>>> print(open('my_file12.cif').read())   # mmCIF, N, CA and C atoms and all ligand atoms
data_model
#
loop_
_atom_site.label_atom_id
_atom_site.label_comp_id
_atom_site.auth_asym_id
_atom_site.auth_seq_id
_atom_site.Cartn_x
_atom_site.Cartn_y
_atom_site.Cartn_z
N MET A 19 0.84 -1.20 0.00
CA MET A 19 0.00 0.00 0.00
C MET A 19 0.88 1.25 0.00
N SER A 20 0.63 2.16 -0.94
CA SER A 20 1.42 3.39 -0.99
C SER A 20 0.61 4.52 -0.38
N ASN A 21 1.26 5.64 -0.09
CA ASN A 21 0.47 6.78 0.37
C ASN A 21 0.57 7.95 -0.61
N ARG A 22 1.12 7.69 -1.82
CA ARG A 22 1.17 8.78 -2.79
C ARG A 22 0.71 8.32 -4.17
N THR A 23 0.03 9.22 -4.88
CA THR A 23 -0.30 8.97 -6.27
C THR A 23 -0.06 10.24 -7.06
N PHE A 24 -0.13 10.11 -8.38
CA PHE A 24 0.11 11.26 -9.26
C PHE A 24 -1.14 11.49 -10.11
N THR A 25 -1.49 12.76 -10.33
CA THR A 25 -2.65 13.08 -11.16
C THR A 25 -2.34 14.21 -12.13
N MET A 26 -3.08 14.24 -13.22
CA MET A 26 -3.11 15.41 -14.09
C MET A 26 -4.57 15.77 -14.31
N ILE A 27 -4.89 17.07 -14.21
CA ILE A 27 -6.17 17.58 -14.68
C ILE A 27 -5.92 17.91 -16.15
N LYS A 28 -6.61 17.20 -17.03
CA LYS A 28 -6.27 17.18 -18.46
C LYS A 28 -6.76 18.45 -19.18
N PRO A 29 -6.31 18.67 -20.45
CA PRO A 29 -6.62 19.92 -21.15
C PRO A 29 -8.12 20.19 -21.32
N ASP A 30 -8.95 19.16 -21.44
CA ASP A 30 -10.40 19.40 -21.59
C ASP A 30 -10.97 20.05 -20.33
N ALA A 31 -10.57 19.54 -19.17
CA ALA A 31 -11.06 20.08 -17.90
C ALA A 31 -10.51 21.49 -17.66
N THR A 32 -9.26 21.72 -18.06
CA THR A 32 -8.68 23.06 -17.93
C THR A 32 -9.49 24.05 -18.78
N ARG A 33 -9.75 23.67 -20.04
CA ARG A 33 -10.49 24.56 -20.96
C ARG A 33 -11.89 24.89 -20.45
N LYS A 34 -12.53 23.90 -19.83
CA LYS A 34 -13.91 24.11 -19.36
C LYS A 34 -13.97 24.84 -18.02
N GLY A 35 -12.82 25.16 -17.44
CA GLY A 35 -12.83 25.87 -16.15
C GLY A 35 -13.15 24.98 -14.97
N ASN A 36 -12.85 23.68 -15.10
CA ASN A 36 -13.19 22.73 -14.02
C ASN A 36 -12.04 22.45 -13.06
N THR A 37 -10.91 23.13 -13.22
CA THR A 37 -9.75 22.82 -12.37
C THR A 37 -10.08 22.99 -10.89
N GLY A 38 -10.68 24.11 -10.54
CA GLY A 38 -10.98 24.37 -9.12
C GLY A 38 -11.95 23.35 -8.53
N ALA A 39 -12.98 23.02 -9.28
CA ALA A 39 -13.99 22.07 -8.79
C ALA A 39 -13.36 20.69 -8.58
N ILE A 40 -12.47 20.31 -9.48
CA ILE A 40 -11.81 18.99 -9.36
C ILE A 40 -10.86 18.98 -8.16
N LEU A 41 -10.09 20.06 -7.99
CA LEU A 41 -9.19 20.13 -6.83
C LEU A 41 -9.99 20.09 -5.53
N GLN A 42 -11.13 20.73 -5.53
CA GLN A 42 -12.02 20.72 -4.36
C GLN A 42 -12.45 19.29 -4.02
N MET A 43 -12.84 18.51 -5.05
CA MET A 43 -13.25 17.12 -4.82
C MET A 43 -12.07 16.28 -4.29
N ILE A 44 -10.88 16.56 -4.83
CA ILE A 44 -9.69 15.82 -4.41
C ILE A 44 -9.41 16.07 -2.92
N ASN A 45 -9.46 17.33 -2.52
CA ASN A 45 -9.24 17.67 -1.11
C ASN A 45 -10.36 17.10 -0.23
N ALA A 46 -11.60 17.22 -0.70
CA ALA A 46 -12.75 16.75 0.09
C ALA A 46 -12.68 15.24 0.32
N ALA A 47 -12.03 14.51 -0.61
CA ALA A 47 -11.90 13.06 -0.47
C ALA A 47 -10.73 12.67 0.44
N GLY A 48 -10.04 13.67 0.97
CA GLY A 48 -9.00 13.38 1.96
C GLY A 48 -7.58 13.33 1.43
N PHE A 49 -7.39 13.74 0.17
CA PHE A 49 -6.02 13.77 -0.40
C PHE A 49 -5.38 15.12 -0.07
N ARG A 50 -4.09 15.06 0.29
CA ARG A 50 -3.30 16.27 0.51
C ARG A 50 -2.45 16.52 -0.71
N ILE A 51 -2.42 17.76 -1.21
CA ILE A 51 -1.58 18.10 -2.37
C ILE A 51 -0.16 18.34 -1.86
N VAL A 52 0.80 17.53 -2.34
CA VAL A 52 2.19 17.68 -1.88
C VAL A 52 3.12 18.17 -2.99
N ALA A 53 2.55 18.41 -4.19
CA ALA A 53 3.26 19.04 -5.31
C ALA A 53 2.19 19.44 -6.31
N MET A 54 2.38 20.59 -6.97
CA MET A 54 1.39 20.97 -8.00
C MET A 54 1.97 22.03 -8.92
N LYS A 55 1.67 21.90 -10.23
CA LYS A 55 2.03 22.94 -11.19
C LYS A 55 1.16 22.84 -12.43
N MET A 56 1.04 23.98 -13.14
CA MET A 56 0.37 24.01 -14.44
C MET A 56 1.43 23.95 -15.51
N VAL A 57 1.22 23.11 -16.53
CA VAL A 57 2.22 22.86 -17.57
C VAL A 57 1.51 22.70 -18.91
N HIS A 58 2.10 23.22 -19.99
CA HIS A 58 1.62 22.87 -21.33
C HIS A 58 2.65 21.91 -21.93
N LEU A 59 2.29 20.62 -22.01
CA LEU A 59 3.22 19.61 -22.52
C LEU A 59 3.43 19.78 -24.02
N SER A 60 4.67 19.65 -24.47
CA SER A 60 4.94 19.55 -25.91
C SER A 60 4.46 18.17 -26.36
N GLU A 61 4.33 17.98 -27.67
CA GLU A 61 3.98 16.64 -28.18
C GLU A 61 5.03 15.63 -27.76
N ALA A 62 6.29 16.03 -27.81
CA ALA A 62 7.38 15.11 -27.45
C ALA A 62 7.27 14.68 -25.99
N LYS A 63 7.00 15.64 -25.11
CA LYS A 63 6.90 15.32 -23.67
C LYS A 63 5.66 14.47 -23.38
N ALA A 64 4.53 14.79 -24.04
CA ALA A 64 3.33 13.97 -23.85
C ALA A 64 3.58 12.55 -24.36
N GLY A 65 4.28 12.43 -25.48
CA GLY A 65 4.61 11.12 -26.04
C GLY A 65 5.49 10.31 -25.11
N GLU A 66 6.41 10.99 -24.45
CA GLU A 66 7.32 10.34 -23.50
C GLU A 66 6.52 9.86 -22.27
N PHE A 67 5.64 10.71 -21.78
CA PHE A 67 4.85 10.34 -20.60
C PHE A 67 4.01 9.09 -20.88
N TYR A 68 3.41 9.03 -22.08
CA TYR A 68 2.51 7.93 -22.43
C TYR A 68 3.19 6.84 -23.28
N ALA A 69 4.54 6.78 -23.21
CA ALA A 69 5.29 5.82 -24.04
C ALA A 69 4.78 4.38 -23.88
N VAL A 70 4.27 4.05 -22.68
CA VAL A 70 3.75 2.71 -22.42
C VAL A 70 2.60 2.37 -23.38
N HIS A 71 1.92 3.38 -23.91
CA HIS A 71 0.79 3.17 -24.82
C HIS A 71 1.18 3.33 -26.29
N ALA A 72 2.49 3.41 -26.59
CA ALA A 72 2.95 3.74 -27.95
C ALA A 72 2.39 2.81 -29.02
N GLN A 73 2.12 1.56 -28.67
CA GLN A 73 1.63 0.59 -29.67
C GLN A 73 0.11 0.57 -29.78
N ARG A 74 -0.57 1.31 -28.92
CA ARG A 74 -2.05 1.29 -28.93
C ARG A 74 -2.57 2.16 -30.07
N PRO A 75 -3.73 1.81 -30.61
CA PRO A 75 -4.27 2.56 -31.76
C PRO A 75 -4.60 4.01 -31.44
N PHE A 76 -4.86 4.31 -30.16
CA PHE A 76 -5.26 5.68 -29.80
C PHE A 76 -4.07 6.55 -29.39
N TYR A 77 -2.85 6.04 -29.54
CA TYR A 77 -1.67 6.77 -29.04
C TYR A 77 -1.54 8.18 -29.65
N GLY A 78 -1.69 8.27 -30.99
CA GLY A 78 -1.54 9.56 -31.67
C GLY A 78 -2.57 10.57 -31.18
N GLU A 79 -3.80 10.09 -31.07
CA GLU A 79 -4.90 10.93 -30.57
C GLU A 79 -4.62 11.39 -29.12
N LEU A 80 -4.14 10.46 -28.31
CA LEU A 80 -3.86 10.74 -26.90
C LEU A 80 -2.76 11.80 -26.77
N VAL A 81 -1.69 11.64 -27.53
CA VAL A 81 -0.57 12.58 -27.47
C VAL A 81 -1.01 13.96 -27.98
N GLY A 82 -1.79 13.97 -29.07
CA GLY A 82 -2.30 15.24 -29.61
C GLY A 82 -3.18 15.95 -28.60
N PHE A 83 -4.05 15.21 -27.96
CA PHE A 83 -4.95 15.79 -26.96
C PHE A 83 -4.19 16.30 -25.74
N MET A 84 -3.27 15.49 -25.23
CA MET A 84 -2.58 15.87 -23.99
C MET A 84 -1.63 17.05 -24.18
N SER A 85 -1.29 17.34 -25.46
CA SER A 85 -0.44 18.51 -25.74
C SER A 85 -1.27 19.67 -26.32
N SER A 86 -2.60 19.57 -26.23
CA SER A 86 -3.48 20.58 -26.86
C SER A 86 -3.70 21.81 -25.99
N GLY A 87 -3.26 21.78 -24.75
CA GLY A 87 -3.45 22.92 -23.85
C GLY A 87 -2.88 22.60 -22.48
N PRO A 88 -2.92 23.56 -21.57
CA PRO A 88 -2.31 23.34 -20.26
C PRO A 88 -3.03 22.28 -19.43
N ILE A 89 -2.24 21.62 -18.61
CA ILE A 89 -2.75 20.66 -17.63
C ILE A 89 -2.30 21.12 -16.23
N THR A 90 -2.91 20.58 -15.20
CA THR A 90 -2.40 20.76 -13.84
C THR A 90 -1.92 19.39 -13.37
N ALA A 91 -0.62 19.31 -13.06
CA ALA A 91 -0.02 18.07 -12.56
C ALA A 91 0.11 18.19 -11.05
N ALA A 92 -0.12 17.08 -10.34
CA ALA A 92 -0.02 17.12 -8.88
C ALA A 92 0.33 15.76 -8.30
N ILE A 93 1.00 15.77 -7.17
CA ILE A 93 1.22 14.56 -6.38
C ILE A 93 0.31 14.67 -5.15
N LEU A 94 -0.37 13.56 -4.87
CA LEU A 94 -1.38 13.53 -3.81
C LEU A 94 -1.02 12.51 -2.76
N GLU A 95 -1.27 12.85 -1.50
CA GLU A 95 -0.94 11.96 -0.39
C GLU A 95 -2.19 11.57 0.40
N LYS A 96 -2.28 10.29 0.70
CA LYS A 96 -3.40 9.74 1.49
C LYS A 96 -3.09 8.27 1.71
N ASP A 97 -3.61 7.66 2.76
CA ASP A 97 -3.47 6.20 2.89
C ASP A 97 -4.10 5.55 1.67
N ASN A 98 -3.45 4.50 1.15
CA ASN A 98 -4.00 3.74 0.02
C ASN A 98 -4.29 4.65 -1.20
N ALA A 99 -3.37 5.58 -1.46
CA ALA A 99 -3.62 6.67 -2.42
C ALA A 99 -3.95 6.19 -3.83
N VAL A 100 -3.17 5.25 -4.37
CA VAL A 100 -3.36 4.86 -5.76
C VAL A 100 -4.76 4.29 -5.98
N GLU A 101 -5.13 3.32 -5.13
CA GLU A 101 -6.42 2.65 -5.29
C GLU A 101 -7.58 3.61 -4.99
N ASP A 102 -7.45 4.37 -3.92
CA ASP A 102 -8.55 5.28 -3.55
C ASP A 102 -8.74 6.37 -4.60
N PHE A 103 -7.65 6.82 -5.21
CA PHE A 103 -7.80 7.88 -6.22
C PHE A 103 -8.44 7.32 -7.49
N ARG A 104 -8.09 6.08 -7.87
CA ARG A 104 -8.75 5.46 -9.03
C ARG A 104 -10.26 5.34 -8.78
N LYS A 105 -10.63 5.07 -7.55
CA LYS A 105 -12.07 5.01 -7.21
C LYS A 105 -12.71 6.39 -7.35
N LEU A 106 -12.01 7.42 -6.89
CA LEU A 106 -12.55 8.78 -6.95
C LEU A 106 -12.72 9.25 -8.39
N ILE A 107 -11.81 8.86 -9.29
CA ILE A 107 -11.91 9.36 -10.68
C ILE A 107 -12.90 8.53 -11.50
N GLY A 108 -13.07 7.26 -11.22
CA GLY A 108 -14.02 6.44 -11.98
C GLY A 108 -13.40 5.83 -13.23
N SER A 109 -14.21 5.05 -13.96
CA SER A 109 -13.73 4.30 -15.13
C SER A 109 -13.20 5.22 -16.22
N THR A 110 -12.27 4.68 -17.03
CA THR A 110 -11.65 5.44 -18.14
C THR A 110 -12.71 6.05 -19.04
N ASN A 111 -13.71 5.24 -19.37
CA ASN A 111 -14.82 5.72 -20.20
C ASN A 111 -15.90 6.30 -19.28
N PRO A 112 -16.19 7.60 -19.41
CA PRO A 112 -17.16 8.22 -18.48
C PRO A 112 -18.54 7.56 -18.53
N ALA A 113 -18.86 6.92 -19.65
CA ALA A 113 -20.15 6.23 -19.76
C ALA A 113 -20.24 5.08 -18.76
N ASP A 114 -19.08 4.54 -18.36
CA ASP A 114 -19.04 3.43 -17.39
C ASP A 114 -18.72 3.91 -15.98
N ALA A 115 -18.44 5.19 -15.82
CA ALA A 115 -17.97 5.70 -14.51
C ALA A 115 -19.13 5.78 -13.52
N ALA A 116 -18.83 5.44 -12.27
CA ALA A 116 -19.86 5.45 -11.21
C ALA A 116 -20.32 6.87 -10.92
N GLU A 117 -21.56 6.97 -10.47
CA GLU A 117 -22.13 8.27 -10.05
C GLU A 117 -21.22 8.93 -9.02
N GLY A 118 -21.05 10.23 -9.14
CA GLY A 118 -20.29 10.97 -8.15
C GLY A 118 -18.80 10.99 -8.38
N THR A 119 -18.32 10.21 -9.37
CA THR A 119 -16.88 10.21 -9.65
C THR A 119 -16.52 11.43 -10.51
N ILE A 120 -15.23 11.77 -10.50
CA ILE A 120 -14.77 12.96 -11.24
C ILE A 120 -15.06 12.79 -12.73
N ARG A 121 -14.80 11.60 -13.27
CA ARG A 121 -15.04 11.41 -14.71
C ARG A 121 -16.53 11.43 -15.03
N LYS A 122 -17.35 10.89 -14.16
CA LYS A 122 -18.80 10.94 -14.41
C LYS A 122 -19.26 12.40 -14.48
N LEU A 123 -18.71 13.22 -13.60
CA LEU A 123 -19.15 14.62 -13.52
C LEU A 123 -18.54 15.49 -14.62
N PHE A 124 -17.28 15.22 -15.00
CA PHE A 124 -16.56 16.20 -15.82
C PHE A 124 -16.04 15.68 -17.16
N ALA A 125 -16.03 14.36 -17.40
CA ALA A 125 -15.43 13.84 -18.63
C ALA A 125 -16.47 13.78 -19.75
N ALA A 126 -16.02 14.05 -20.98
CA ALA A 126 -16.92 14.04 -22.14
C ALA A 126 -16.86 12.72 -22.89
N SER A 127 -15.71 12.06 -22.89
CA SER A 127 -15.52 10.85 -23.70
C SER A 127 -14.33 10.05 -23.16
N ILE A 128 -14.12 8.87 -23.72
CA ILE A 128 -12.99 8.04 -23.26
C ILE A 128 -11.65 8.73 -23.54
N GLY A 129 -11.58 9.54 -24.58
CA GLY A 129 -10.34 10.26 -24.90
C GLY A 129 -10.18 11.49 -24.04
N GLU A 130 -11.24 12.28 -23.96
CA GLU A 130 -11.19 13.54 -23.21
C GLU A 130 -11.84 13.30 -21.85
N ASN A 131 -11.07 12.67 -20.96
CA ASN A 131 -11.69 12.17 -19.73
C ASN A 131 -11.23 12.88 -18.45
N ALA A 132 -10.89 14.15 -18.59
CA ALA A 132 -10.77 15.10 -17.46
C ALA A 132 -9.56 14.94 -16.54
N VAL A 133 -9.26 13.68 -16.16
CA VAL A 133 -8.17 13.48 -15.20
C VAL A 133 -7.39 12.20 -15.50
N HIS A 134 -6.16 12.19 -15.02
CA HIS A 134 -5.33 10.99 -15.03
C HIS A 134 -5.10 10.58 -13.58
N GLY A 135 -5.01 9.28 -13.35
CA GLY A 135 -4.58 8.77 -12.04
C GLY A 135 -3.63 7.60 -12.24
N SER A 136 -2.53 7.57 -11.50
CA SER A 136 -1.56 6.48 -11.63
C SER A 136 -2.22 5.14 -11.36
N ASP A 137 -1.70 4.08 -12.02
CA ASP A 137 -2.31 2.76 -11.87
C ASP A 137 -1.53 1.83 -10.94
N SER A 138 -0.39 2.28 -10.39
CA SER A 138 0.38 1.45 -9.45
C SER A 138 1.31 2.36 -8.65
N ASP A 139 1.80 1.84 -7.53
CA ASP A 139 2.75 2.60 -6.71
C ASP A 139 4.00 2.93 -7.52
N GLU A 140 4.46 1.95 -8.28
CA GLU A 140 5.67 2.14 -9.08
C GLU A 140 5.48 3.26 -10.09
N ASN A 141 4.36 3.24 -10.80
CA ASN A 141 4.12 4.29 -11.80
C ASN A 141 3.84 5.65 -11.15
N ALA A 142 3.26 5.66 -9.97
CA ALA A 142 3.02 6.92 -9.27
C ALA A 142 4.35 7.63 -9.02
N LYS A 143 5.34 6.87 -8.61
CA LYS A 143 6.68 7.44 -8.33
C LYS A 143 7.34 7.92 -9.63
N ILE A 144 7.29 7.08 -10.66
CA ILE A 144 7.89 7.45 -11.96
C ILE A 144 7.23 8.71 -12.51
N GLU A 145 5.90 8.75 -12.46
CA GLU A 145 5.15 9.88 -13.04
C GLU A 145 5.36 11.17 -12.24
N GLY A 146 5.37 11.07 -10.92
CA GLY A 146 5.62 12.25 -10.08
C GLY A 146 7.01 12.82 -10.35
N ASP A 147 8.00 11.92 -10.48
CA ASP A 147 9.37 12.37 -10.74
C ASP A 147 9.54 12.92 -12.15
N PHE A 148 8.64 12.55 -13.07
CA PHE A 148 8.67 13.07 -14.44
C PHE A 148 8.40 14.59 -14.42
N PHE A 149 7.52 15.03 -13.53
CA PHE A 149 7.10 16.44 -13.49
C PHE A 149 7.79 17.26 -12.41
N PHE A 150 8.18 16.62 -11.30
CA PHE A 150 8.64 17.39 -10.14
C PHE A 150 10.01 16.94 -9.67
N SER A 151 10.89 17.92 -9.42
CA SER A 151 12.19 17.61 -8.81
C SER A 151 11.95 17.31 -7.31
N LYS A 152 12.98 16.81 -6.65
CA LYS A 152 12.87 16.53 -5.20
C LYS A 152 12.48 17.78 -4.43
N LEU A 153 13.04 18.92 -4.84
CA LEU A 153 12.76 20.19 -4.15
C LEU A 153 11.31 20.62 -4.28
N GLU A 154 10.62 20.11 -5.29
CA GLU A 154 9.22 20.50 -5.54
C GLU A 154 8.22 19.51 -4.95
N GLN A 155 8.71 18.46 -4.27
CA GLN A 155 7.83 17.45 -3.67
C GLN A 155 7.88 17.61 -2.16
N PHE A 156 6.73 17.95 -1.55
CA PHE A 156 6.73 18.32 -0.13
C PHE A 156 6.25 17.20 0.80
P1 LIG A 201 -5.18 7.46 -17.22
O1 LIG A 201 -3.90 6.70 -17.43
O2 LIG A 201 -5.27 8.74 -18.04
O3 LIG A 201 -5.50 7.68 -15.77
P2 LIG A 201 -6.66 5.03 -17.47
O4 LIG A 201 -5.57 4.43 -16.64
O5 LIG A 201 -8.06 4.97 -16.94
O6 LIG A 201 -6.38 6.56 -17.76
P3 LIG A 201 -5.37 3.92 -19.78
O7 LIG A 201 -5.70 2.60 -20.32
O8 LIG A 201 -4.10 4.10 -19.00
O9 LIG A 201 -6.62 4.43 -18.93
O10 LIG A 201 -5.39 4.94 -21.00
C1 LIG A 201 -4.70 6.18 -20.90
C2 LIG A 201 -5.53 7.26 -21.54
O11 LIG A 201 -5.62 7.00 -22.94
C3 LIG A 201 -6.98 7.32 -21.09
O12 LIG A 201 -7.19 8.07 -19.93
C4 LIG A 201 -7.65 8.00 -22.26
O13 LIG A 201 -7.45 9.41 -22.21
C5 LIG A 201 -6.87 7.43 -23.44
N1 LIG A 201 -7.57 6.28 -24.02
C6 LIG A 201 -7.66 5.05 -23.51
N2 LIG A 201 -8.40 4.24 -24.30
C7 LIG A 201 -8.77 5.02 -25.34
C8 LIG A 201 -9.56 4.80 -26.52
N3 LIG A 201 -10.08 3.60 -26.77
N4 LIG A 201 -9.73 5.84 -27.36
C9 LIG A 201 -9.20 7.05 -27.12
N5 LIG A 201 -8.44 7.33 -26.03
C10 LIG A 201 -8.25 6.33 -25.16
MG MG A 202 -3.54 4.65 -17.10
#
>>> encode(input="my_file12.cif", output="C-alpha cells", more="lines below")
Ligand code: ATP
Ligand code: MG
Amino acid sequence: MSNRTFTMIKPDATRKGNTGAILQMINAAGFRIVAMKMVHLSEAKAGEFYAVHAQRPFYGELVGFMSSGPITAAILEKDNAVEDFRKLIGSTNPADAAEGTIRKLFAASIGENAVHGSDSDENAKIEGDFFFSKLEQF
C-alpha cells in the first residue's frame, strides 16, 4: 500500500474551467496536495509520458490531446492513495464511470476524460518524478 499517487487535470477540464472544482473534490476526499504545477506539454513530452501506450491505436490521438493545452499536474498523499484515487476518478470511459466520480461529472468521452490517475505505486513514483524535482515534492 502506498500513500502517494500522481494526477493530471487534463486539457479538456482546464479549458472548461473545471480545475478548481476537481481540486475541491480531491481535497474533500482526503487527499493532501504535496506538489502541484500548471504545464503545457509539448507533443514530445506527452509522447514520452505515455510511451507505455505507444503501440495502442489511440496513441496519436492521446498525445495530440494531452499537448493541446495546459494541464495541472499534482502529487497527492493519502493512505491507500493509488487505489482510492482510481475510485474517486471512476472508469476510463465516463459512460461506465460510477455516479459521483470525477469522470462521471466532468469527462466528455474516453479520450477527453478530465483526469489521469496512476495505476500502481511504481508508476506513481515514476510519473511524479517526471514532473517534479525533489525540491518540488513536499
Ligand atoms: P489514465 O492513465 O489517463 O488515468 P486510465 O488508466 O483509466 O487513464 P489507460 O488505459 O491508461 O486508462 O489509457 C490512458 C488514456 O488514454 C486514457 O485516460 C484515455 O485518455 C486514453 N484512451 C484510452 N483508451 C482510449 C480509446 N479507446 N480511445 C481514445 N483514447 C483512449
Ligand atoms: Mg492509465
>>> residues_near_ligand(input="my_file12.cif", ligand="ligand MG 202 (chain A)", cutoff="6 Å", atoms="all atoms listed in the file", output="PyMOL selection string")
chain A and resi 135-137
>>> residues_near_ligand(input="my_file12.cif", ligand="ligand LIG 201 (chain A)", cutoff="8 Å", atoms="only C-alpha atoms and all ligand atoms", output="PyMOL selection string")
chain A and resi 25+68+71+75-77+79-80+104+108-111+128-131+133-137
>>> atom_distance(input="my_file12.cif", atom1="atom CA of Ala46 of chain A", atom2="atom N of Leu106 of chain A")
11.7 Å
>>> select_by_dssp(input="my_file12.cif", residues="segment 46-91 of chain A", states="strand (DSSP E)", output="list of chain:residue names")
A:Arg50, A:Ile51, A:Val52, A:Ala53, A:Met54, A:Lys55, A:Met56, A:Val57, A:Ile89, A:Thr90, A:Ala91
>>> atom_distance(input="my_file12.cif", atom1="atom CA of Ile107 of chain A", atom2="atom CA of Thr119 of chain A")
5.1 Å
>>> residues_around(input="my_file12.cif", residues="Lys34 of chain A", least_positions_apart="6", cutoff="12 Å", atoms="only C-alpha atoms", output="JSON, numbers by chain")
{"A": [27, 28, 40, 87, 88, 89, 124, 125, 126, 130, 132]}
>>> select_by_dssp(input="my_file12.cif", residues="segment 61-149 of chain A", states="alpha helix (DSSP H)", output="ChimeraX atom specification")
/A:61-67,77-84,99-107,120-124,139-149
>>> build_atoms(input="my_file12.cif", residues="segment 19-26 of chain A", atoms="all heavy atoms", output="short mmCIF file (atom, residue, chain, number, x, y, z; two decimals), in the coordinates of the input")
data_model
loop_
_atom_site.label_atom_id
_atom_site.label_comp_id
_atom_site.auth_asym_id
_atom_site.auth_seq_id
_atom_site.Cartn_x
_atom_site.Cartn_y
_atom_site.Cartn_z
N MET A 19 0.84 -1.20 0.00
CA MET A 19 0.00 0.00 0.00
C MET A 19 0.88 1.25 0.00
O MET A 19 1.77 1.40 0.82
CB MET A 19 -0.89 -0.03 1.25
CG MET A 19 -1.81 1.15 1.36
SD MET A 19 -2.93 0.99 2.77
CE MET A 19 -2.27 2.21 3.87
N SER A 20 0.63 2.16 -0.94
CA SER A 20 1.42 3.39 -0.99
C SER A 20 0.61 4.52 -0.38
O SER A 20 -0.59 4.40 -0.18
CB SER A 20 1.73 3.75 -2.42
OG SER A 20 0.68 4.52 -2.96
N ASN A 21 1.26 5.64 -0.09
CA ASN A 21 0.47 6.78 0.37
C ASN A 21 0.57 7.95 -0.61
O ASN A 21 0.15 9.05 -0.28
CB ASN A 21 0.86 7.19 1.78
CG ASN A 21 2.28 7.69 1.85
OD1 ASN A 21 3.05 7.56 0.89
ND2 ASN A 21 2.64 8.27 2.98
N ARG A 22 1.12 7.69 -1.82
CA ARG A 22 1.17 8.78 -2.79
C ARG A 22 0.71 8.32 -4.17
O ARG A 22 0.97 7.20 -4.56
CB ARG A 22 2.59 9.35 -2.89
CG ARG A 22 2.94 10.17 -1.67
CD ARG A 22 4.17 11.01 -1.85
NE ARG A 22 4.29 11.91 -0.70
CZ ARG A 22 5.05 12.99 -0.65
NH1 ARG A 22 5.80 13.31 -1.69
NH2 ARG A 22 5.07 13.75 0.43
N THR A 23 0.03 9.22 -4.88
CA THR A 23 -0.30 8.97 -6.27
C THR A 23 -0.06 10.24 -7.06
O THR A 23 0.25 11.29 -6.50
CB THR A 23 -1.75 8.45 -6.44
OG1 THR A 23 -1.93 7.99 -7.78
CG2 THR A 23 -2.78 9.54 -6.13
N PHE A 24 -0.13 10.11 -8.38
CA PHE A 24 0.11 11.26 -9.26
C PHE A 24 -1.14 11.49 -10.11
O PHE A 24 -1.78 10.53 -10.55
CB PHE A 24 1.31 10.98 -10.18
CG PHE A 24 1.47 12.01 -11.25
CD1 PHE A 24 2.04 13.24 -10.97
CD2 PHE A 24 1.01 11.76 -12.53
CE1 PHE A 24 2.15 14.22 -11.96
CE2 PHE A 24 1.12 12.72 -13.53
CZ PHE A 24 1.69 13.95 -13.24
N THR A 25 -1.49 12.76 -10.33
CA THR A 25 -2.65 13.08 -11.16
C THR A 25 -2.34 14.21 -12.13
O THR A 25 -1.44 15.02 -11.89
CB THR A 25 -3.86 13.47 -10.28
OG1 THR A 25 -5.01 13.61 -11.11
CG2 THR A 25 -3.64 14.78 -9.54
N MET A 26 -3.08 14.24 -13.22
CA MET A 26 -3.11 15.41 -14.09
C MET A 26 -4.57 15.77 -14.31
O MET A 26 -5.40 14.89 -14.57
CB MET A 26 -2.49 15.11 -15.45
CG MET A 26 -1.00 14.86 -15.42
SD MET A 26 -0.32 14.57 -17.08
CE MET A 26 -0.91 12.92 -17.41
#
